[in-house]
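Asker: I have a structure here, written as structure tokens, and I will follow up with some questions on it.
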Amino acid sequence: QVQLVESGGGLVQAGGSLRLSCAASGRTRSSYAMGWFRQAPGKERDFVAAINWSGGSTYYADFVKGRFTISRDNAKNTMYLQMYNLKPEDTAVYYCAASTGLAYYSGSLLRRPANEYDYWGQGTQVTVSS
């Protein structure tokens with residue numbers, strides 16, 4: 001089992017920045033791909049970004065390309081999502097997730113639906129005011 005805990009959400013004005021963190025514990029010796037998803041009220045959980053086990057490959061949803069950066073520090077068992085130039089439409093609960101099956105994927109193959117992830121955090125709220 002892997003436990004994931006997100007932090008770093010909050011309220012920010014449009015154009016501002018936030019950095020989300022996702023701390024993993026438990027069976028962290030296994031190799032995992034990790035991803036960020038988000039869910040706005042009344043909407044489905046959408047893919048945001050993913051990173052492979054080593055951090056050597058990443059993939060982003062079109063709506064965040066150039067604004068968000070996903071990274072991981074395996075020594076700290078932590079993944080990050082640096083978000084710049086935030087927009088009101090970025091308002092959502094952001095979830096981190098881990099997948100053993102996707103660990104060695106790269107590029108666009110990292111864009112997989114939520115049901116292919118094995119472990120989830122509880123989510124952190126990001127609110128962007130206009």
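Labels used: A, B, ... for chains in the order of the structure tokens, numbers from 1 for residues in each chain, and numbers from 1 for ligands as shown.
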Run DSSP on the backbone and grab whatever in segment 42-119 of chain A lands in strand (DSSP E); send it over as a PyMOL selection string.
Answerer: chain A and resi 46-51+58-60+68-73+78-83+92-99+119
Asker: Find the spatial neighbours of segment 9-18 of chain A, counting only C-alpha atoms, within a cut-off of 10 Å - ignore same-chain residues fewer than 6 positions away - and output them as a ChimeraX atom specification.
Answerer: /A:67-68,81-94,123-130
Asker: With N, CA, C and O atoms retained, could you export that selection as a JSON list (two decimals), in the first residue's frame?
Answerer:
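The result, written out as out-v2.json:
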```json
[["chain", "number", "residue", "atom", "x", "y", "z"],
["A", 67, "ARG", "N", 2.29, 26.39, -18.33],
["A", 67, "ARG", "CA", 1.95, 27.07, -17.08],
["A", 67, "ARG", "C", 2.28, 26.22, -15.85],
["A", 67, "ARG", "O", 2.60, 26.75, -14.79],
["A", 68, "PHE", "N", 2.15, 24.90, -15.98],
["A", 68, "PHE", "CA", 2.38, 23.99, -14.85],
["A", 68, "PHE", "C", 3.62, 23.15, -15.13],
["A", 68, "PHE", "O", 3.91, 22.80, -16.28],
["A", 81, "LEU", "N", 3.75, 19.92, -8.08],
["A", 81, "LEU", "CA", 3.12, 20.57, -9.23],
["A", 81, "LEU", "C", 3.27, 22.06, -9.03],
["A", 81, "LEU", "O", 2.60, 22.65, -8.18],
["A", 82, "GLN", "N", 4.18, 22.65, -9.77],
["A", 82, "GLN", "CA", 4.36, 24.10, -9.74],
["A", 82, "GLN", "C", 3.40, 24.72, -10.75],
["A", 82, "GLN", "O", 3.44, 24.37, -11.93],
["A", 83, "MET", "N", 2.57, 25.62, -10.26],
["A", 83, "MET", "CA", 1.54, 26.21, -11.11],
["A", 83, "MET", "C", 1.78, 27.72, -11.21],
["A", 83, "MET", "O", 1.86, 28.41, -10.19],
["A", 84, "TYR", "N", 1.91, 28.21, -12.43],
["A", 84, "TYR", "CA", 2.10, 29.63, -12.70],
["A", 84, "TYR", "C", 0.91, 30.16, -13.48],
["A", 84, "TYR", "O", 0.17, 29.41, -14.11],
["A", 85, "ASN", "N", 0.77, 31.49, -13.48],
["A", 85, "ASN", "CA", -0.26, 32.15, -14.28],
["A", 85, "ASN", "C", -1.62, 31.46, -14.11],
["A", 85, "ASN", "O", -2.28, 31.10, -15.10],
["A", 86, "LEU", "N", -2.01, 31.29, -12.87],
["A", 86, "LEU", "CA", -3.27, 30.59, -12.60],
["A", 86, "LEU", "C", -4.46, 31.40, -13.08],
["A", 86, "LEU", "O", -4.46, 32.63, -13.06],
["A", 87, "LYS", "N", -5.47, 30.65, -13.52],
["A", 87, "LYS", "CA", -6.69, 31.24, -14.06],
["A", 87, "LYS", "C", -7.88, 30.78, -13.22],
["A", 87, "LYS", "O", -7.83, 29.71, -12.61],
["A", 88, "PRO", "N", -8.96, 31.55, -13.22],
["A", 88, "PRO", "CA", -10.15, 31.11, -12.45],
["A", 88, "PRO", "C", -10.62, 29.71, -12.83],
["A", 88, "PRO", "O", -11.09, 28.96, -11.97],
["A", 89, "GLU", "N", -10.45, 29.34, -14.09],
["A", 89, "GLU", "CA", -10.88, 28.00, -14.52],
["A", 89, "GLU", "C", -9.98, 26.88, -13.99],
["A", 89, "GLU", "O", -10.29, 25.71, -14.17],
["A", 90, "ASP", "N", -8.88, 27.23, -13.35],
["A", 90, "ASP", "CA", -8.05, 26.23, -12.69],
["A", 90, "ASP", "C", -8.58, 25.86, -11.32],
["A", 90, "ASP", "O", -8.05, 24.95, -10.67],
["A", 91, "THR", "N", -9.62, 26.55, -10.87],
["A", 91, "THR", "CA", -10.21, 26.26, -9.57],
["A", 91, "THR", "C", -10.77, 24.84, -9.54],
["A", 91, "THR", "O", -11.56, 24.46, -10.40],
["A", 92, "ALA", "N", -10.31, 24.06, -8.57],
["A", 92, "ALA", "CA", -10.71, 22.65, -8.47],
["A", 92, "ALA", "C", -10.05, 22.05, -7.24],
["A", 92, "ALA", "O", -9.17, 22.65, -6.63],
["A", 93, "VAL", "N", -10.47, 20.84, -6.93],
["A", 93, "VAL", "CA", -9.72, 20.02, -5.97],
["A", 93, "VAL", "C", -8.69, 19.25, -6.78],
["A", 93, "VAL", "O", -9.03, 18.60, -7.77],
["A", 94, "TYR", "N", -7.44, 19.35, -6.35],
["A", 94, "TYR", "CA", -6.35, 18.68, -7.04],
["A", 94, "TYR", "C", -5.96, 17.42, -6.27],
["A", 94, "TYR", "O", -5.74, 17.47, -5.05],
["A", 123, "GLY", "N", -6.86, 14.96, -1.72],
["A", 123, "GLY", "CA", -7.13, 16.17, -2.48],
["A", 123, "GLY", "C", -6.81, 17.44, -1.72],
["A", 123, "GLY", "O", -6.83, 17.48, -0.49],
["A", 124, "THR", "N", -6.49, 18.48, -2.47],
["A", 124, "THR", "CA", -6.25, 19.79, -1.89],
["A", 124, "THR", "C", -6.94, 20.83, -2.77],
["A", 124, "THR", "O", -6.87, 20.76, -4.00],
["A", 125, "GLN", "N", -7.62, 21.77, -2.13],
["A", 125, "GLN", "CA", -8.43, 22.75, -2.86],
["A", 125, "GLN", "C", -7.55, 23.88, -3.39],
["A", 125, "GLN", "O", -6.75, 24.46, -2.65],
["A", 126, "VAL", "N", -7.72, 24.18, -4.65],
["A", 126, "VAL", "CA", -7.10, 25.36, -5.26],
["A", 126, "VAL", "C", -8.22, 26.26, -5.75],
["A", 126, "VAL", "O", -9.07, 25.83, -6.52],
["A", 127, "THR", "N", -8.21, 27.49, -5.29],
["A", 127, "THR", "CA", -9.22, 28.46, -5.70],
["A", 127, "THR", "C", -8.52, 29.68, -6.26],
["A", 127, "THR", "O", -7.67, 30.27, -5.61],
["A", 128, "VAL", "N", -8.89, 30.04, -7.48],
["A", 128, "VAL", "CA", -8.28, 31.18, -8.16],
["A", 128, "VAL", "C", -9.36, 32.24, -8.35],
["A", 128, "VAL", "O", -10.36, 31.99, -9.02],
["A", 129, "SER", "N", -9.15, 33.38, -7.76],
["A", 129, "SER", "CA", -10.13, 34.46, -7.86],
["A", 129, "SER", "C", -9.80, 35.37, -9.03],
["A", 129, "SER", "O", -8.64, 35.57, -9.37],
["A", 130, "SER", "N", -10.83, 35.93, -9.62],
["A", 130, "SER", "CA", -10.62, 36.80, -10.79],
["A", 130, "SER", "C", -10.45, 38.25, -10.38],
["A", 130, "SER", "O", -10.63, 38.61, -9.23]]
```
Asker: Any idea what the distance is between atom CA of Arg112 of chain A and atom CA of Lys76 of chain A?
Answerer: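 Straight-line distance from atom CA of Arg112 of chain A to atom CA of Lys76 of chain A works out to 24.9 Å.
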Asker: Counting only C-alpha atoms, which of A:Gly56, A:Gly26, A:Gly121, A:Pro113 gets nearest to Glu44 of chain A?
Answerer: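 Nearest to Glu44 of chain A: A:Pro113.
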Asker: Of the candidates A:Arg27, A:Arg72, A:Arg19, A:Lys43, which shows the shortest atom-to-atom distance to Thr58 of chain A, using only C-alpha atoms?
Answerer: A:Arg72
Asker: Calculated over only C-alpha atoms, which of the candidates A:Ser7, A:Ala24, A:Trp36, A:Gly42 has the smallest distance to Ala61 of chain A?
Answerer: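 Result for the nearest residue to Ala61 of chain A: A:Trp36.
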Asker: With distances taken over only C-alpha atoms, which residue among A:Trp53, A:Tyr80, A:Tyr117, A:Tyr59 lies nearest Ala98 of chain A?
Answerer: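 When distances to Ala98 of chain A are compared using only C-alpha atoms, the smallest one comes from A:Tyr117.
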Asker: Skipping near chain neighbours, those fewer than 4 positions away, what residues fall within 12 Å of Glu116 of chain A using only C-alpha atoms, listed as a list in words?
Answerer: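 Non-adjacent residues within range: Tyr32, Ala33, Met34, Gly35, Phe47, Ala97, Ala98, Ser99, Thr100, Gly101, Leu102, Ala103, Leu109, Leu110, Arg111, Arg112 and Trp120 of chain A.
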Asker: Please dump the current selection as an mmCIF file, in the first residue's frame; keep N, CA and C atoms.
Answerer:
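The result, stored in out.cif:
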```cif
data_model
loop_
_atom_site.group_PDB
_atom_site.id
_atom_site.type_symbol
_atom_site.label_atom_id
_atom_site.label_comp_id
_atom_site.auth_asym_id
_atom_site.auth_seq_id
_atom_site.Cartn_x
_atom_site.Cartn_y
_atom_site.Cartn_z
ATOM 1 N N TYR A 32 6.761 3.719 -9.278
ATOM 2 C CA TYR A 32 5.439 4.242 -9.598
ATOM 3 C C TYR A 32 5.543 5.409 -10.561
ATOM 4 N N ALA A 33 4.625 5.454 -11.479
ATOM 5 C CA ALA A 33 4.355 6.710 -12.150
ATOM 6 C C ALA A 33 3.414 7.482 -11.226
ATOM 7 N N MET A 34 3.472 8.783 -11.317
ATOM 8 C CA MET A 34 2.590 9.593 -10.489
ATOM 9 C C MET A 34 1.928 10.656 -11.347
ATOM 10 N N GLY A 35 0.773 11.053 -10.922
ATOM 11 C CA GLY A 35 0.043 12.031 -11.707
ATOM 12 C C GLY A 35 -0.756 12.984 -10.845
ATOM 13 N N PHE A 47 -7.417 14.672 -16.074
ATOM 14 C CA PHE A 47 -5.959 14.532 -16.062
ATOM 15 C C PHE A 47 -5.314 15.911 -16.171
ATOM 16 N N ALA A 97 -1.945 10.969 -7.538
ATOM 17 C CA ALA A 97 -2.205 9.558 -7.702
ATOM 18 C C ALA A 97 -0.929 8.840 -8.105
ATOM 19 N N ALA A 98 -0.896 7.546 -7.826
ATOM 20 C CA ALA A 98 0.269 6.727 -8.157
ATOM 21 C C ALA A 98 -0.176 5.456 -8.863
ATOM 22 N N SER A 99 0.637 5.027 -9.814
ATOM 23 C CA SER A 99 0.332 3.832 -10.589
ATOM 24 C C SER A 99 1.578 2.980 -10.763
ATOM 25 N N THR A 100 1.475 1.711 -10.420
ATOM 26 C CA THR A 100 2.585 0.809 -10.683
ATOM 27 C C THR A 100 2.632 0.436 -12.163
ATOM 28 N N GLY A 101 1.487 0.268 -12.766
ATOM 29 C CA GLY A 101 1.445 -0.176 -14.156
ATOM 30 C C GLY A 101 2.006 0.822 -15.144
ATOM 31 N N LEU A 102 1.983 2.097 -14.799
ATOM 32 C CA LEU A 102 2.438 3.144 -15.705
ATOM 33 C C LEU A 102 3.878 3.576 -15.431
ATOM 34 N N ALA A 103 4.537 2.930 -14.476
ATOM 35 C CA ALA A 103 5.831 3.407 -13.984
ATOM 36 C C ALA A 103 6.843 3.680 -15.087
ATOM 37 N N LEU A 109 2.083 8.346 -23.569
ATOM 38 C CA LEU A 109 1.559 7.135 -22.934
ATOM 39 C C LEU A 109 1.286 7.342 -21.455
ATOM 40 N N LEU A 110 1.851 8.401 -20.884
ATOM 41 C CA LEU A 110 1.590 8.698 -19.474
ATOM 42 C C LEU A 110 0.183 9.262 -19.260
ATOM 43 N N ARG A 111 -0.436 9.724 -20.347
ATOM 44 C CA ARG A 111 -1.782 10.273 -20.207
ATOM 45 C C ARG A 111 -2.768 9.112 -20.180
ATOM 46 N N ARG A 112 -3.113 8.695 -19.002
ATOM 47 C CA ARG A 112 -4.031 7.579 -18.819
ATOM 48 C C ARG A 112 -5.168 8.015 -17.918
ATOM 49 N N TRP A 120 -4.553 7.037 -4.333
ATOM 50 C CA TRP A 120 -4.995 8.428 -4.422
ATOM 51 C C TRP A 120 -4.822 9.137 -3.104
#
```
Asker: For a test of reading the model, state the distance in Å between atom CA of Thr78 of chain A and atom CA of Leu20 of chain A, rounded to one decimal.
Answerer: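 Between atom CA of Thr78 of chain A and atom CA of Leu20 of chain A the gap works out to 10.2 Å.
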Asker: Pick out each residue of segment 28-117 of chain A that DSSP on the backbone tags as helix (DSSP H, G or I); I need them as a CSV table (one decimal) with all heavy atoms, in the first residue's frame.
Answerer:
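states29.csv was written with the following content:
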```csv
chain,number,residue,atom,x,y,z
A,62,ASP,N,-3.3,19.7,-22.4
A,62,ASP,CA,-3.1,20.9,-23.2
A,62,ASP,C,-3.4,22.2,-22.4
A,62,ASP,O,-2.7,23.2,-22.6
A,62,ASP,CB,-4.0,20.8,-24.4
A,62,ASP,CG,-3.5,19.8,-25.5
A,62,ASP,OD1,-2.3,19.4,-25.3
A,62,ASP,OD2,-4.3,19.5,-26.4
A,63,PHE,N,-4.4,22.1,-21.5
A,63,PHE,CA,-4.8,23.4,-20.9
A,63,PHE,C,-3.8,23.8,-19.8
A,63,PHE,O,-4.0,24.9,-19.3
A,63,PHE,CB,-6.2,23.2,-20.3
A,63,PHE,CG,-6.4,22.1,-19.3
A,63,PHE,CD1,-6.0,22.1,-18.0
A,63,PHE,CD2,-7.1,20.9,-19.8
A,63,PHE,CE1,-6.2,21.1,-17.2
A,63,PHE,CE2,-7.3,19.9,-18.9
A,63,PHE,CZ,-6.8,19.9,-17.6
A,64,VAL,N,-2.8,23.1,-19.5
A,64,VAL,CA,-1.8,23.5,-18.5
A,64,VAL,C,-0.4,23.6,-19.1
A,64,VAL,O,0.5,24.1,-18.4
A,64,VAL,CB,-1.7,22.6,-17.3
A,64,VAL,CG1,-3.1,22.6,-16.6
A,64,VAL,CG2,-1.2,21.2,-17.6
A,88,PRO,N,-9.0,31.6,-13.2
A,88,PRO,CA,-10.1,31.1,-12.5
A,88,PRO,C,-10.6,29.7,-12.8
A,88,PRO,O,-11.1,29.0,-12.0
A,88,PRO,CB,-11.2,32.2,-12.8
A,88,PRO,CG,-10.4,33.4,-13.1
A,88,PRO,CD,-9.1,32.9,-13.7
A,89,GLU,N,-10.5,29.3,-14.1
A,89,GLU,CA,-10.9,28.0,-14.5
A,89,GLU,C,-10.0,26.9,-14.0
A,89,GLU,O,-10.3,25.7,-14.2
A,89,GLU,CB,-11.0,27.9,-16.0
A,89,GLU,CG,-9.7,28.4,-16.8
A,89,GLU,CD,-9.8,29.9,-17.2
A,89,GLU,OE1,-10.3,30.7,-16.4
A,89,GLU,OE2,-9.4,30.1,-18.4
A,90,ASP,N,-8.9,27.2,-13.4
A,90,ASP,CA,-8.0,26.2,-12.7
A,90,ASP,C,-8.6,25.9,-11.3
A,90,ASP,O,-8.1,24.9,-10.7
A,90,ASP,CB,-6.6,26.7,-12.5
A,90,ASP,CG,-5.9,26.9,-13.9
A,90,ASP,OD1,-6.1,26.1,-14.8
A,90,ASP,OD2,-5.2,27.9,-14.0
A,107,GLY,N,6.2,9.9,-22.3
A,107,GLY,CA,5.6,10.7,-23.3
A,107,GLY,C,4.1,10.6,-23.1
A,107,GLY,O,3.5,10.6,-22.0
A,108,SER,N,3.4,10.6,-24.3
A,108,SER,CA,1.9,10.7,-24.3
A,108,SER,C,1.3,9.4,-23.7
A,108,SER,O,0.1,9.4,-23.3
A,108,SER,CB,1.4,10.8,-25.7
A,108,SER,OG,1.8,9.8,-26.5
A,109,LEU,N,2.1,8.3,-23.6
A,109,LEU,CA,1.6,7.1,-22.9
A,109,LEU,C,1.3,7.3,-21.5
A,109,LEU,O,0.6,6.5,-20.8
A,109,LEU,CB,2.5,6.0,-23.1
A,109,LEU,CG,2.7,5.5,-24.6
A,109,LEU,CD1,3.8,4.4,-24.6
A,109,LEU,CD2,1.4,5.0,-25.2
A,110,LEU,N,1.9,8.4,-20.9
A,110,LEU,CA,1.6,8.7,-19.5
A,110,LEU,C,0.2,9.3,-19.3
A,110,LEU,O,-0.3,9.3,-18.1
A,110,LEU,CB,2.6,9.7,-18.9
A,110,LEU,CG,4.0,9.1,-18.7
A,110,LEU,CD1,5.0,10.2,-18.4
A,110,LEU,CD2,4.0,8.2,-17.5
A,114,ALA,N,-8.1,8.1,-14.9
A,114,ALA,CA,-8.0,8.0,-13.5
A,114,ALA,C,-8.1,6.5,-13.0
A,114,ALA,O,-7.4,6.1,-12.0
A,114,ALA,CB,-9.0,8.8,-12.8
A,115,ASN,N,-8.9,5.7,-13.7
A,115,ASN,CA,-9.1,4.3,-13.2
A,115,ASN,C,-7.8,3.4,-13.4
A,115,ASN,O,-7.8,2.3,-13.0
A,115,ASN,CB,-10.3,3.7,-13.8
A,115,ASN,CG,-10.2,3.6,-15.3
A,115,ASN,OD1,-9.2,3.8,-15.9
A,115,ASN,ND2,-11.3,3.2,-16.0
A,116,GLU,N,-6.8,4.0,-14.0
A,116,GLU,CA,-5.6,3.2,-14.2
A,116,GLU,C,-4.6,3.5,-13.1
A,116,GLU,O,-3.5,3.0,-13.1
A,116,GLU,CB,-5.0,3.4,-15.6
A,116,GLU,CG,-5.9,2.9,-16.7
A,116,GLU,CD,-5.1,2.7,-18.0
A,116,GLU,OE1,-3.9,2.6,-18.0
A,116,GLU,OE2,-5.8,2.7,-19.0
```
Asker: For atom CA of Cys96 of chain A and atom CA of Asn77 of chain A, quote the distance in Å rounded to one decimal.
Answerer: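 Computed distance, atom CA of Cys96 of chain A to atom CA of Asn77 of chain A, equals 12.8 Å.
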Asker: Pick the closest to Ser54 of chain A from A:Tyr95, A:Gly8, A:Cys22, A:Ser106: which is it, counting only C-alpha atoms?
Answerer: A:Ser106
Asker: Out of A:Asp118, A:Ala50, A:Met79, A:Tyr105, which residue has the shortest atom-to-atom distance to Glu6 of chain A when counting only C-alpha atoms?
Answerer: A:Met79
